[in-house]
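target_31.tsv follows (TSV, C-alpha atoms):
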```tsv
chain	number	residue	atom	x	y	z
M	183	MET	CA	1.67	0.73	16.56
M	184	LEU	CA	-1.82	0.84	18.09
M	185	THR	CA	-2.43	4.40	16.88
M	186	ALA	CA	-1.14	3.51	13.42
M	187	SER	CA	-3.45	0.47	13.23
M	188	ILE	CA	-6.46	2.52	14.31
M	189	VAL	CA	-5.70	5.29	11.79
M	190	MET	CA	-5.07	2.84	8.93
M	191	TRP	CA	-8.05	0.59	9.58
M	192	GLY	CA	-10.25	3.65	10.21
M	193	MET	CA	-9.35	4.95	6.75
M	194	VAL	CA	-10.01	1.50	5.25
M	195	VAL	CA	-13.45	1.30	6.85
M	196	VAL	CA	-14.46	4.78	5.64
M	197	ILE	CA	-13.14	4.34	2.09
M	198	TYR	CA	-14.38	0.80	1.57
M	199	GLY	CA	-17.71	1.60	3.22
M	200	TRP	CA	-18.18	4.31	0.61
M	201	ILE	CA	-17.11	1.93	-2.19
M	202	ALA	CA	-19.50	-0.79	-0.97
M	203	LEU	CA	-22.35	1.71	-1.08
M	204	ARG	CA	-21.58	3.63	-4.25
M	205	ARG	CA	-19.03	1.85	-6.47
M	206	ARG	CA	-19.62	-1.83	-5.90
M	207	ASP	CA	-18.61	-2.56	-9.52
M	208	ARG	CA	-14.96	-1.75	-8.70
M	209	LEU	CA	-14.63	-4.31	-5.90
M	210	PRO	CA	-13.39	-7.24	-8.07
M	211	ARG	CA	-10.65	-5.06	-9.58
M	212	LEU	CA	-9.65	-3.79	-6.11
M	213	PHE	CA	-9.50	-7.35	-4.81
M	214	LYS	CA	-7.30	-8.39	-7.72
M	215	VAL	CA	-4.80	-5.56	-7.10
M	216	PHE	CA	-4.87	-6.36	-3.36
M	217	CYS	CA	-3.87	-9.98	-4.04
M	218	GLN	CA	-1.28	-9.01	-6.63
M	219	GLN	CA	0.47	-6.61	-4.24
M	220	GLY	CA	0.08	-8.95	-1.30
M	221	GLU	CA	2.06	-11.77	-2.90
M	222	VAL	CA	5.47	-10.50	-1.73
M	223	PHE	CA	4.21	-10.34	1.85
M	224	VAL	CA	3.50	-14.07	1.79
M	225	GLY	CA	6.83	-15.21	0.34
M	226	VAL	CA	9.91	-12.99	0.11
M	227	VAL	CA	9.23	-10.49	2.88
M	228	PRO	CA	8.84	-12.89	5.85
M	229	ALA	CA	11.86	-14.93	4.75
M	230	ALA	CA	13.99	-11.78	4.36
M	231	LEU	CA	12.82	-10.45	7.72
M	232	ILE	CA	13.83	-13.68	9.45
M	233	ALA	CA	17.26	-13.39	7.81
M	234	ALA	CA	17.59	-9.76	8.91
M	235	GLY	CA	16.43	-10.65	12.43
M	236	PHE	CA	19.43	-12.96	12.85
M	237	LEU	CA	21.75	-9.99	12.30
M	238	THR	CA	20.63	-8.38	15.58
M	239	PRO	CA	22.25	-10.90	17.99
M	240	LEU	CA	25.39	-10.99	15.81
M	241	VAL	CA	25.95	-7.24	16.32
M	242	PRO	CA	25.28	-6.47	20.01
M	243	GLY	CA	24.49	-2.91	21.08
M	244	GLU	CA	27.46	-2.68	23.49
M	245	MET	CA	29.81	-3.49	20.61
M	246	VAL	CA	28.38	-0.68	18.47
M	247	ALA	CA	28.58	1.77	21.39
M	248	HIS	CA	32.21	0.79	21.88
M	249	TRP	CA	33.08	1.35	18.18
M	250	LEU	CA	31.47	4.76	18.15
M	251	GLY	CA	32.73	6.01	21.51
M	252	GLY	CA	34.69	9.26	21.42
M	253	THR	CA	33.92	10.31	17.88
M	254	ALA	CA	34.06	14.08	17.43
M	255	GLY	CA	34.32	16.85	14.86
M	256	PHE	CA	33.77	16.38	11.14
M	257	ARG	CA	35.56	13.05	11.33
M	258	GLY	CA	32.92	11.98	13.84
M	259	ILE	CA	30.16	12.94	11.40
M	260	VAL	CA	31.73	10.82	8.66
M	261	ILE	CA	32.20	7.87	11.04
M	262	GLY	CA	28.61	8.24	12.23
M	263	MET	CA	27.42	8.24	8.63
M	264	LEU	CA	29.39	5.14	7.67
M	265	ALA	CA	28.27	3.33	10.82
M	266	GLY	CA	24.63	4.30	10.28
M	267	TRP	CA	24.70	2.67	6.86
M	268	CYS	CA	25.42	-0.76	8.21
M	269	ILE	CA	24.18	-1.05	11.81
M	270	PRO	CA	21.55	-3.80	11.73
M	271	LEU	CA	19.73	-2.92	14.96
M	272	PRO	CA	15.98	-2.52	15.54
M	273	PRO	CA	14.81	0.98	16.65
M	274	ILE	CA	14.54	0.29	20.38
M	275	ILE	CA	18.08	-1.07	20.67
M	276	PHE	CA	19.47	1.52	18.25
M	277	PHE	CA	18.10	4.46	20.22
M	278	SER	CA	19.27	2.88	23.48
M	279	VAL	CA	22.78	2.81	21.99
M	280	ILE	CA	22.39	6.49	21.05
M	281	ALA	CA	21.31	7.24	24.63
M	282	VAL	CA	24.47	5.52	25.94
M	283	LEU	CA	26.64	7.48	23.50
M	284	VAL	CA	25.02	10.81	24.41
M	285	LYS	CA	25.58	10.08	28.11
M	286	ALA	CA	29.20	9.25	27.32
M	287	GLY	CA	29.57	12.71	25.79
M	288	ALA	CA	29.12	12.21	22.04
M	289	GLY	CA	28.39	15.41	20.09
M	290	LEU	CA	24.88	16.16	18.84
M	291	PRO	CA	25.86	16.77	15.17
M	292	GLN	CA	27.65	13.42	15.08
M	293	MET	CA	24.58	11.68	16.52
M	294	VAL	CA	22.33	13.46	14.01
M	295	ALA	CA	24.48	12.15	11.13
M	296	LEU	CA	24.37	8.66	12.63
M	297	ILE	CA	20.58	8.67	13.11
M	298	VAL	CA	19.92	10.07	9.63
M	299	ALA	CA	22.22	7.50	8.00
M	300	TRP	CA	20.62	4.68	9.96
M	301	ASN	CA	17.11	5.88	9.07
M	302	VAL	CA	17.77	6.41	5.39
M	303	PHE	CA	19.97	3.40	4.66
M	304	ALA	CA	19.46	0.75	7.35
M	305	LEU	CA	19.57	-1.89	4.67
M	306	HIS	CA	18.43	-4.69	6.97
M	307	ARG	CA	15.20	-2.77	7.51
M	308	THR	CA	14.43	-1.49	4.03
M	309	PHE	CA	15.75	-4.36	1.93
M	310	PRO	CA	13.33	-7.08	3.02
M	311	MET	CA	10.42	-4.77	2.17
M	312	GLU	CA	11.71	-2.20	-0.30
M	313	LEU	CA	13.44	-4.45	-2.81
M	314	PRO	CA	10.59	-6.93	-3.39
M	315	VAL	CA	7.90	-4.22	-3.48
M	316	MET	CA	9.64	-1.40	-5.35
M	317	GLY	CA	12.22	-3.16	-7.52
M	318	ARG	CA	15.92	-2.61	-8.09
M	319	TYR	CA	15.79	0.75	-9.90
M	320	PHE	CA	13.95	2.51	-7.08
M	321	VAL	CA	16.33	1.15	-4.42
M	322	ILE	CA	19.47	2.17	-6.33
M	323	LEU	CA	18.07	5.60	-7.22
M	324	ARG	CA	17.01	6.23	-3.62
M	325	LEU	CA	20.37	5.20	-2.16
M	326	LEU	CA	22.28	7.32	-4.69
M	327	SER	CA	20.04	10.32	-4.00
M	328	SER	CA	20.41	9.89	-0.23
M	329	MET	CA	24.23	9.59	-0.13
M	330	SER	CA	24.74	13.21	0.95
M	331	LEU	CA	21.89	13.47	3.47
M	332	PRO	CA	23.76	12.47	6.68
M	333	LEU	CA	26.52	14.99	5.91
M	334	ILE	CA	24.01	17.78	5.21
M	335	ALA	CA	22.04	16.98	8.38
M	336	GLY	CA	25.25	16.89	10.43
M	337	GLY	CA	26.31	20.23	8.92
M	338	ILE	CA	22.94	21.87	9.68
M	339	ALA	CA	23.09	20.47	13.23
M	340	ILE	CA	26.51	22.12	13.73
M	341	LEU	CA	24.91	25.44	12.73
M	342	ILE	CA	21.96	24.93	15.09
M	343	VAL	CA	23.83	23.73	18.18
W	153	MET	CA	-4.00	-20.63	-6.87
W	154	LYS	CA	-1.32	-23.10	-7.97
W	155	ALA	CA	0.14	-20.54	-10.36
W	156	ALA	CA	0.23	-17.97	-7.57
W	157	ALA	CA	2.07	-20.42	-5.27
W	158	ARG	CA	4.61	-21.08	-8.01
W	159	ARG	CA	5.08	-17.33	-8.54
W	160	ILE	CA	5.57	-16.68	-4.83
W	161	PHE	CA	7.75	-19.60	-3.77
W	162	GLY	CA	9.61	-20.22	-7.04
W	163	ASP	CA	10.88	-16.64	-7.08
W	164	THR	CA	14.68	-16.26	-7.03
W	165	ALA	CA	14.43	-13.52	-4.38
W	166	PHE	CA	12.46	-15.86	-2.12
W	167	ILE	CA	15.04	-18.63	-2.50
W	168	VAL	CA	17.91	-16.20	-1.81
W	169	ALA	CA	16.11	-14.89	1.29
W	170	VAL	CA	15.49	-18.42	2.60
W	171	LEU	CA	19.13	-19.37	2.06
W	172	ALA	CA	20.27	-16.17	3.83
W	173	ALA	CA	17.94	-16.93	6.75
W	174	ILE	CA	19.28	-20.49	7.06
W	175	GLY	CA	22.91	-19.32	6.74
W	176	LEU	CA	22.62	-16.51	9.30
W	177	GLY	CA	20.55	-18.69	11.63
W	178	THR	CA	23.27	-21.35	11.57
W	179	LEU	CA	25.90	-18.68	12.29
W	180	VAL	CA	23.92	-17.42	15.29
W	181	TYR	CA	23.52	-21.01	16.53
W	182	ILE	CA	27.24	-21.76	16.24
W	183	ARG	CA	28.42	-18.50	17.83
W	184	LEU	CA	25.71	-17.87	20.43
W	185	GLY	CA	23.79	-21.11	20.86
W	186	GLY	CA	20.19	-22.22	20.48
W	187	ALA	CA	18.73	-19.74	22.96
W	188	ALA	CA	19.89	-16.80	20.78
W	189	VAL	CA	18.21	-18.34	17.72
W	190	TRP	CA	15.01	-18.69	19.69
W	191	THR	CA	15.18	-15.06	20.95
W	192	ALA	CA	15.66	-13.77	17.39
W	193	LEU	CA	12.72	-15.83	16.13
W	194	ARG	CA	10.51	-14.55	18.97
W	195	ALA	CA	11.39	-10.95	18.00
W	196	ASP	CA	10.45	-11.83	14.40
W	197	MET	CA	7.12	-13.19	15.62
W	198	ARG	CA	6.27	-9.81	17.17
W	199	LEU	CA	7.16	-8.11	13.90
W	200	PHE	CA	5.00	-10.58	11.95
W	201	ILE	CA	2.02	-9.87	14.20
W	202	GLU	CA	2.51	-6.15	13.55
W	203	ILE	CA	2.76	-6.78	9.82
W	204	GLY	CA	-0.25	-9.10	9.89
W	205	ILE	CA	-2.36	-6.34	11.43
W	206	LEU	CA	-1.10	-3.36	9.43
W	207	VAL	CA	-0.19	-4.68	5.99
W	208	PRO	CA	-3.70	-5.80	4.94
W	209	ALA	CA	-4.93	-2.26	5.70
W	210	VAL	CA	-2.03	-0.74	3.79
W	211	LEU	CA	-2.66	-3.04	0.83
W	212	LEU	CA	-6.36	-2.14	0.76
W	213	LEU	CA	-5.48	1.57	0.77
W	214	SER	CA	-2.86	1.00	-1.95
W	215	ALA	CA	-5.40	-0.85	-4.08
W	216	PHE	CA	-7.74	2.12	-3.64
W	217	VAL	CA	-5.03	4.58	-4.74
W	218	GLN	CA	-4.14	2.43	-7.72
W	219	VAL	CA	-7.66	1.64	-8.95
W	220	MET	CA	-9.89	4.51	-7.91
W	221	MET	CA	-7.75	7.66	-7.72
W	222	PRO	CA	-8.02	9.58	-11.00
W	223	LYS	CA	-4.72	9.27	-12.89
W	224	SER	CA	-4.93	12.94	-13.87
W	225	LEU	CA	-4.95	13.95	-10.19
W	226	ILE	CA	-1.82	11.92	-9.34
W	227	GLU	CA	-0.07	13.06	-12.53
W	228	ARG	CA	-0.85	16.71	-11.79
W	229	TRP	CA	0.46	16.66	-8.21
W	230	LEU	CA	3.16	13.97	-8.33
W	231	GLY	CA	3.79	13.36	-12.06
W	232	ALA	CA	6.86	14.02	-14.20
W	233	SER	CA	5.84	17.66	-14.81
W	234	SER	CA	4.88	18.41	-11.20
W	235	GLY	CA	8.30	20.02	-10.60
W	236	PHE	CA	9.21	21.35	-7.19
W	237	THR	CA	5.54	21.45	-6.12
W	238	GLY	CA	5.41	17.69	-6.56
W	239	ILE	CA	8.39	17.27	-4.26
W	240	VAL	CA	6.83	19.50	-1.58
W	241	VAL	CA	3.46	17.71	-1.80
W	242	ALA	CA	5.25	14.34	-1.57
W	243	THR	CA	7.25	15.52	1.46
W	244	LEU	CA	4.10	16.55	3.34
W	245	ALA	CA	2.33	13.31	2.43
W	246	GLY	CA	5.34	11.25	3.52
W	247	ALA	CA	5.62	13.03	6.88
W	248	LEU	CA	1.93	12.38	7.55
W	249	THR	CA	1.81	8.70	6.49
W	250	PRO	CA	1.42	6.61	9.65
W	251	GLY	CA	2.75	3.09	10.10
W	252	GLY	CA	5.95	1.38	11.15
W	253	PRO	CA	9.32	2.01	9.57
W	254	PHE	CA	8.61	0.09	6.41
W	255	MET	CA	4.87	-0.15	5.88
W	256	ALA	CA	4.59	2.62	3.28
W	257	PHE	CA	6.22	0.84	0.33
W	258	PRO	CA	2.98	-0.69	-1.00
W	259	LEU	CA	1.55	2.84	-1.01
W	260	VAL	CA	4.62	4.19	-2.82
W	261	HIS	CA	4.26	1.42	-5.38
W	262	ALA	CA	0.56	2.20	-5.89
W	263	LEU	CA	1.39	5.89	-6.45
W	264	TYR	CA	4.00	4.83	-9.02
W	265	VAL	CA	1.51	2.66	-10.90
W	266	ALA	CA	-1.01	5.51	-10.73
W	267	GLY	CA	1.41	7.85	-12.53
W	268	ALA	CA	3.71	9.46	-9.94
W	269	ASP	CA	7.26	10.29	-11.03
W	270	TRP	CA	10.41	8.86	-9.40
W	271	ALA	CA	11.66	12.11	-7.82
W	272	PRO	CA	8.49	12.81	-5.76
W	273	LEU	CA	8.41	9.14	-4.75
W	274	ILE	CA	11.97	9.40	-3.42
W	275	ALA	CA	11.03	12.60	-1.57
W	276	TYR	CA	7.97	10.84	-0.16
W	277	THR	CA	9.97	7.85	1.09
W	278	THR	CA	12.70	10.07	2.57
W	279	ALA	CA	10.16	12.28	4.35
W	280	TRP	CA	8.43	9.26	5.76
W	281	LEU	CA	11.75	7.79	6.97
W	282	LEU	CA	13.05	11.03	8.51
W	283	LEU	CA	10.11	13.28	9.36
W	284	SER	CA	7.60	10.85	10.83
W	285	VAL	CA	6.38	12.77	13.88
W	286	MET	CA	4.83	9.70	15.41
W	287	ARG	CA	8.04	7.66	15.35
W	288	THR	CA	10.01	10.56	16.83
W	289	LEU	CA	7.53	10.81	19.70
W	290	LEU	CA	7.34	7.04	20.17
W	291	TYR	CA	10.96	5.92	20.00
W	292	GLU	CA	13.36	8.81	20.08
W	293	ILE	CA	12.08	11.11	22.81
W	294	PRO	CA	11.41	8.41	25.47
W	295	LEU	CA	14.87	6.92	24.92
W	296	ILE	CA	17.13	9.92	24.32
W	297	GLY	CA	15.33	13.01	25.64
W	298	VAL	CA	14.03	16.05	23.81
W	299	GLU	CA	17.10	17.99	22.66
W	300	LEU	CA	18.71	15.57	20.20
W	301	PRO	CA	15.44	14.56	18.45
W	302	THR	CA	14.48	18.24	18.08
W	303	VAL	CA	17.84	19.16	16.55
W	304	ARG	CA	17.66	16.10	14.31
W	305	PHE	CA	14.12	16.89	13.17
W	306	VAL	CA	14.96	20.50	12.28
W	307	ALA	CA	18.16	19.42	10.52
W	308	CYS	CA	16.13	16.93	8.46
W	309	LEU	CA	13.40	19.31	7.25
W	310	VAL	CA	15.06	20.06	3.91
W	311	LEU	CA	16.43	16.57	3.28
W	312	PRO	CA	13.43	15.07	1.40
W	313	ALA	CA	13.63	17.95	-1.09
W	314	VAL	CA	17.40	17.41	-1.43
W	315	ALA	CA	16.86	13.70	-2.08
W	316	GLY	CA	14.00	14.38	-4.53
W	317	LEU	CA	15.97	16.96	-6.54
W	318	SER	CA	19.06	14.71	-6.53
W	319	ALA	CA	16.89	11.87	-7.82
W	320	ARG	CA	15.66	14.08	-10.66
W	321	TYR	CA	19.24	14.80	-11.79
W	322	ILE	CA	20.45	11.26	-11.25
W	323	ALA	CA	17.49	9.88	-13.24
W	324	ARG	CA	18.73	11.88	-16.24
W	325	LEU	CA	22.00	9.98	-16.21
W	326	TYR	CA	20.74	6.67	-14.84
W	327	ARG	CA	17.66	6.10	-16.95
W	328	PRO	CA	14.57	4.55	-15.38
W	329	PRO	CA	13.18	1.33	-16.84
W	330	PRO	CA	10.14	1.78	-19.09
W	331	ARG	CA	6.84	1.86	-17.22
W	332	LYS	CA	5.24	-1.55	-17.28
W	333	PRO	CA	1.64	-1.72	-18.42
W	334	GLU	CA	-0.50	-2.97	-15.53
W	335	SER	CA	0.02	-6.70	-15.36
W	336	GLY	CA	-2.98	-8.80	-14.52
W	337	GLY	CA	-2.32	-11.33	-11.78
W	338	GLU	CA	-4.79	-13.75	-10.38
W	339	CYS	CA	-5.46	-15.09	-6.93
```

Spit out the file's structure as structure tokens when you get a sec.
Amino acid sequence: MLTASIVMWGMVVVIYGWIALRRRDRLPRLFKVFCQQGEVFVGVVPAALIAAGFLTPLVPGEMVAHWLGGTAGFRGIVIGMLAGWCIPLPPIIFFSVIAVLVKAGAGLPQMVALIVAWNVFALHRTFPMELPVMGRYFVILRLLSSMSLPLIAGGIAILIV
Amino acid sequence: MKAAARRIFGDTAFIVAVLAAIGLGTLVYIRLGGAAVWTALRADMRLFIEIGILVPAVLLLSAFVQVMMPKSLIERWLGASSGFTGIVVATLAGALTPGGPFMAFPLVHALYVAGADWAPLIAYTTAWLLLSVMRTLLYEIPLIGVELPTVRFVACLVLPAVAGLSARYIARLYRPPPRKPESGGEC
């Protein structure tokens, strides 16, 4: 978070410093685009994030760990994939659950499928941001294109391990 | 200003999101009590602080991409005729984009307005979701050790290309909406 902020704001300072010196005429247009794009972050996004935040206490980590305990083989990969699509947990809790599952003896390929599915789909995470910013077509196209990814990742992991 | 407020708060998506927040909040209150509602809101606060710090920077960079980057450059590397090269370029860019798990969408949108095609944008988003080195180092390795994240990372290397190529085929059947001419908003 801190590193990301420093990198991002560093880039902003360099780029906008250059613009302020050389291309001052473009500043009004830049400001207009900034405001236009920023609108969703004032209205829809915070409201949707609050809604998504309430999902976390409704689906406790222990419950997820219990559901996913003892999954193995290709069936385990499919279960991991399906679970990853709909687990509404923030990263810290999600990876703690994974740690519990690994300790309990879950297979690596199954965990890979679960993590990939959670990363790519995790609707509670992408929807509040992705839908308002990118629009419906992008979201549907991305989800359709990503359907197979957890299975492929799980398959590759079987080959590696 | 007034028009902007009407656009932001009169939006159907905003109203749906508010209703969902109220509904789910009530559910949490009934099932788990007031303390759970408060905990969830406090977690949101942390997220909002993060967004408040990062998003303005992201939006300024997106505005730069959209306004100042030559269209020909974006079209050449990420446009409809960029082919597999476009997908590879997008994958590298996505893996290198810093920021939390959902900060890059304004940037993706700016690239779209600037002339990038859907397939490279999908590859970009997928790479940034799956191949972000920083997030792997920050969240995965401290919590679950080195082995699983390494296997996962290697297994994910080809996935952005798979998603990008799939998107190209799917977009032939499921046609994209026509590109909107840049709409002029005001502040």

Can you list, as a tab-separated table (two decimals) with C-alpha atoms, in the coordinates of the input, every protein, DNA or RNA residue that comes within 12 Å of M:Gly235 when you count only C-alpha atoms, leaving out same-chain residues fewer than 5 positions away?
```
chain	number	residue	atom	x	y	z
M	227	VAL	CA	9.23	-10.49	2.88
M	228	PRO	CA	8.84	-12.89	5.85
M	229	ALA	CA	11.86	-14.93	4.75
M	230	ALA	CA	13.99	-11.78	4.36
M	240	LEU	CA	25.39	-10.99	15.81
M	241	VAL	CA	25.95	-7.24	16.32
M	270	PRO	CA	21.55	-3.80	11.73
M	271	LEU	CA	19.73	-2.92	14.96
M	272	PRO	CA	15.98	-2.52	15.54
M	306	HIS	CA	18.43	-4.69	6.97
M	307	ARG	CA	15.20	-2.77	7.51
M	310	PRO	CA	13.33	-7.08	3.02
W	169	ALA	CA	16.11	-14.89	1.29
W	172	ALA	CA	20.27	-16.17	3.83
W	173	ALA	CA	17.94	-16.93	6.75
W	174	ILE	CA	19.28	-20.49	7.06
W	176	LEU	CA	22.62	-16.51	9.30
W	177	GLY	CA	20.55	-18.69	11.63
W	180	VAL	CA	23.92	-17.42	15.29
W	188	ALA	CA	19.89	-16.80	20.78
W	189	VAL	CA	18.21	-18.34	17.72
W	190	TRP	CA	15.01	-18.69	19.69
W	191	THR	CA	15.18	-15.06	20.95
W	192	ALA	CA	15.66	-13.77	17.39
W	193	LEU	CA	12.72	-15.83	16.13
W	194	ARG	CA	10.51	-14.55	18.97
W	195	ALA	CA	11.39	-10.95	18.00
W	196	ASP	CA	10.45	-11.83	14.40
W	197	MET	CA	7.12	-13.19	15.62
W	198	ARG	CA	6.27	-9.81	17.17
W	199	LEU	CA	7.16	-8.11	13.90
W	200	PHE	CA	5.00	-10.58	11.95
```

Pairwise distance for atom CA of M:Ala247 and atom CA of W:Arg287, rounded to one decimal in Å: 22.2 Å

Length of the atom CA of W:Asp163 to atom CA of M:Met311 vector [Å]: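 These atoms are spaced 15.1 Å apart.
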
Show me, as a PDB file with C-alpha atoms, in the coordinates of the input, the residues of chain M whose atoms get within 7 Å of chain W, using only C-alpha atoms for the distance check.
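Generated file (iface-v2.pdb):
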```
ATOM      1  CA  MET M 183       1.670   0.730  16.560  1.00  0.00           C
ATOM      2  CA  ALA M 186      -1.140   3.510  13.420  1.00  0.00           C
ATOM      3  CA  SER M 187      -3.450   0.470  13.230  1.00  0.00           C
ATOM      4  CA  MET M 190      -5.070   2.840   8.930  1.00  0.00           C
ATOM      5  CA  TRP M 191      -8.050   0.590   9.580  1.00  0.00           C
ATOM      6  CA  VAL M 194     -10.010   1.500   5.250  1.00  0.00           C
ATOM      7  CA  LEU M 212      -9.650  -3.790  -6.110  1.00  0.00           C
ATOM      8  CA  LYS M 214      -7.300  -8.390  -7.720  1.00  0.00           C
ATOM      9  CA  VAL M 215      -4.800  -5.560  -7.100  1.00  0.00           C
ATOM     10  CA  PHE M 216      -4.870  -6.360  -3.360  1.00  0.00           C
ATOM     11  CA  CYS M 217      -3.870  -9.980  -4.040  1.00  0.00           C
ATOM     12  CA  GLN M 218      -1.280  -9.010  -6.630  1.00  0.00           C
ATOM     13  CA  GLN M 219       0.470  -6.610  -4.240  1.00  0.00           C
ATOM     14  CA  GLY M 220       0.080  -8.950  -1.300  1.00  0.00           C
ATOM     15  CA  GLU M 221       2.060 -11.770  -2.900  1.00  0.00           C
ATOM     16  CA  VAL M 222       5.470 -10.500  -1.730  1.00  0.00           C
ATOM     17  CA  GLY M 225       6.830 -15.210   0.340  1.00  0.00           C
ATOM     18  CA  VAL M 226       9.910 -12.990   0.110  1.00  0.00           C
ATOM     19  CA  ALA M 229      11.860 -14.930   4.750  1.00  0.00           C
ATOM     20  CA  ALA M 230      13.990 -11.780   4.360  1.00  0.00           C
ATOM     21  CA  ILE M 232      13.830 -13.680   9.450  1.00  0.00           C
ATOM     22  CA  ALA M 233      17.260 -13.390   7.810  1.00  0.00           C
ATOM     23  CA  GLY M 235      16.430 -10.650  12.430  1.00  0.00           C
ATOM     24  CA  PHE M 236      19.430 -12.960  12.850  1.00  0.00           C
ATOM     25  CA  PRO M 239      22.250 -10.900  17.990  1.00  0.00           C
ATOM     26  CA  LEU M 240      25.390 -10.990  15.810  1.00  0.00           C
ATOM     27  CA  ILE M 274      14.540   0.290  20.380  1.00  0.00           C
ATOM     28  CA  PHE M 277      18.100   4.460  20.220  1.00  0.00           C
ATOM     29  CA  SER M 278      19.270   2.880  23.480  1.00  0.00           C
ATOM     30  CA  ALA M 281      21.310   7.240  24.630  1.00  0.00           C
ATOM     31  CA  LEU M 290      24.880  16.160  18.840  1.00  0.00           C
ATOM     32  CA  VAL M 294      22.330  13.460  14.010  1.00  0.00           C
ATOM     33  CA  ASN M 301      17.110   5.880   9.070  1.00  0.00           C
ATOM     34  CA  VAL M 302      17.770   6.410   5.390  1.00  0.00           C
ATOM     35  CA  THR M 308      14.430  -1.490   4.030  1.00  0.00           C
ATOM     36  CA  MET M 311      10.420  -4.770   2.170  1.00  0.00           C
ATOM     37  CA  GLU M 312      11.710  -2.200  -0.300  1.00  0.00           C
ATOM     38  CA  VAL M 315       7.900  -4.220  -3.480  1.00  0.00           C
ATOM     39  CA  MET M 316       9.640  -1.400  -5.350  1.00  0.00           C
ATOM     40  CA  TYR M 319      15.790   0.750  -9.900  1.00  0.00           C
ATOM     41  CA  LEU M 323      18.070   5.600  -7.220  1.00  0.00           C
ATOM     42  CA  ARG M 324      17.010   6.230  -3.620  1.00  0.00           C
ATOM     43  CA  SER M 327      20.040  10.320  -4.000  1.00  0.00           C
ATOM     44  CA  SER M 328      20.410   9.890  -0.230  1.00  0.00           C
ATOM     45  CA  LEU M 331      21.890  13.470   3.470  1.00  0.00           C
ATOM     46  CA  ALA M 335      22.040  16.980   8.380  1.00  0.00           C
ATOM     47  CA  ILE M 338      22.940  21.870   9.680  1.00  0.00           C
ATOM     48  CA  ALA M 339      23.090  20.470  13.230  1.00  0.00           C
TER      49      ALA M 339
END
```

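The two atoms in question, atom CA of M:Arg204 and atom CA of W:Val241, are spaced 28.8 Å apart.
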
If the box runs along x, y and z of the file and leaves 4 Å on each side of stretch 238-248 of chain M, what are its centre and edge lengths in Å, one decimal, as lines of an AutoDock Vina configuration file?
```
center_x = 26.4
center_y = -4.6
center_z = 19.5
size_x = 19.6
size_y = 20.8
size_z = 15.9
```

Selected residue, from M:Pro242, M:Gly287, M:Pro332, M:Gly199, that lies nearest to M:Gly262 when counting all atoms listed in the file: M:Pro332
